[in-house]
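Below is one structure, written out as structure tokens; the observations come after it.
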Amino acid sequence: MTTTDRPSGRAPVLRVRRVLGWVAGCVLALLVLAVLGPLVWMLAIGPIPLPFEAERGRDELARVVGEAGSVSVGPTRLAFDWEAGLSVQLDAVHLSGPAGSVDAPAILIDFDIPEALLGRFAIQAIILDRPSVALAATGSLDMGTDPLAALSGLDERLARLADMAGSQGLHRFIVRDGTLRLPVAAPDLVPRDFEPVDIHVAVDAGGTLTATLTAGTSLGQMALSLVRVVSPDQTLVKAEASNFALIDLLPVKDGMSGLPLNGHLEATFAPDHKVRSTRLSGAVGEGYIAVGESDVPVAGGRLEVTADPASGRLDVTAAEFTLANFEVLLSGQVMPPLTGDTTWSFAFQSEKATAHSADEPAPPRVVDAASFTGSLDVA
């Protein structure tokens, strides 16, 4: 027998290793199945009761509503959700406080499983399933509020939300198929109801916050989106809103309920949340404005506004509207009230205004230039 005819000793060794690897894999699979199989089977049937977590869930929610609020929680279960994965489910949750109330058939808490196995309950996401939210009555709109101060307050609240989420390890907050009511105190104002409402809020490791909202409104479905990006020297906030009416967001009378609006806001803030720059643009779709017993048709319009943070002045760079038989293009300034006052002042110039006759065929009347000033006490 030549050297090439001798059987190699490596083949049996490789076969043995393959067999041992296969056996080890089967044993490991059986162990995993033995441990997780009953859990998967039980989750497939329904949520697993966790009575010992009910008190803990109630305490966590009580921290959210504060001392002036109240919390009640029904059964607590271990459940599987296609969006949250393995999660703790709190049933029949009721929250109430000075800001309003929330009733949710279920709240899902998505937690970090490896951390939980080490005894640390780290929440990654909170999902409110089919909640009913009613905010406290707000009464009339306070137009005397400085809009730039309101923007600064918005950025400060967004910063607190991002910081709180980051410190708790919370990356997502979701509302699914909810209802929202914004009641009003005055009887001549229309309550604002939104249904269904879906909200997604996410915060990444760098502190960037993104949020989207879709809601059924008087015009169909409204969409809102917001992103807040933090850098060492400033913060950028961008917001978009589409297909909404003033009556959907503000406690106003029903005169502009049929007027669809779209808006875009872009603002930058200093590290102390003071406004550095802001730009607002808006578009008005086809609709109507109720004036007395009549509906005045609106063909459309657009608005461009910037703000001077030092003075609080609003610069209207372009305001173009077409309503009924009248077209106008305006620009001007709006000055906020002085300290302790509630009177706004304004000055506008019309670069072009055209009036068409509604009764008889005639050339349109054109006003090449006009200006007007005035003031409005909003108290």
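If you're wondering about the labels, chains in the structure tokens are A, B, ... by order shown, residues count from 1 in each chain, ligands from 1 in order shown.
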For Leu236 of chain A, please output as a short mmCIF file (atom, residue, chain, number, x, y, z; two decimals) with C-alpha atoms, in the first residue's frame all residues within 9 Å (counting only C-alpha atoms; exclusion window: fewer than 3 positions along the same chain).
```cif
data_model
loop_
_atom_site.label_atom_id
_atom_site.label_comp_id
_atom_site.auth_asym_id
_atom_site.auth_seq_id
_atom_site.Cartn_x
_atom_site.Cartn_y
_atom_site.Cartn_z
CA VAL A 227 -38.20 67.65 15.79
CA ARG A 228 -35.85 69.18 18.36
CA VAL A 229 -32.11 68.91 17.69
CA VAL A 230 -29.59 69.97 20.34
CA SER A 231 -26.08 71.20 19.56
CA GLU A 266 -38.64 76.96 12.51
CA ALA A 267 -36.95 78.47 15.56
CA THR A 268 -33.52 78.48 17.16
CA PHE A 269 -32.86 78.89 20.87
#
```
Item to check | Exercise: Asp377 of chain A partners within 8 Å, only C-alpha atoms, chain neighbours under 4 positions left out, as a list in words | outcome: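 The neighbour list is Thr342, Thr343 and Trp344 of chain A.
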Checklist entry - Nearest to Gly263 of chain A: which of A:Pro147, A:Gly285, A:Pro75, A:Pro337 is it, counting only C-alpha atoms? => result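 Closest candidate: A:Gly285.
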Next on the checklist: From a backbone DSSP assignment, name each residue in segment 182-342 of chain A labelled alpha helix (DSSP H), as a PyMOL selection string.
Outcome noted: chain A and resi 246-249
Checklist entry - Contacts of Glu156 of chain A at 12 Å or less, counting only C-alpha atoms, minus same-chain residues fewer than 2 places along, as a list in words? => result Ala149, Ala150, Leu151, Ser152, Gly153, Leu154, Leu158, Ala159, Arg160, Leu161, Ala162, Asp163, Arg228, Thr235, Val237, Phe269, Ala270, Pro271, Asp272, His273, Lys274 and Val275 of chain A
Next on the checklist: Between A:Ala106, A:Ala324, A:Ala211, A:Val73, which residue has the minimum interatomic distance to Gln89 of chain A, considering only C-alpha atoms?
Outcome noted: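 Looking at the shortest contact to Gln89 of chain A, the residue is A:Ala106.
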Next on the checklist: Among segment 131-333 of chain A, which residues does DSSP mark as strand (DSSP E) when it is run on the backbone? Keep the chain and numbering as in the structure and answer as a ChimeraX atom specification.
Outcome noted: /A:132-135,172-182,192-203,209-217,220-230,235-244,261-269,275-284,287-291,294-308,313-323,326-333
Item to check | Contact residues around Ser357 of chain A with only C-alpha atoms at 7 Å, ignoring same-chain residues under 5 positions, as a list of chain:residue names | outcome: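 Neighbouring residues, sequence-local ones excluded: A:Asn325, A:Ala362, A:Pro364.
Closest approach to Glu195 of chain A among A:Ser87, A:Ser294, A:Ser311, A:Ser218: A:Ser218, based on only C-alpha atoms.
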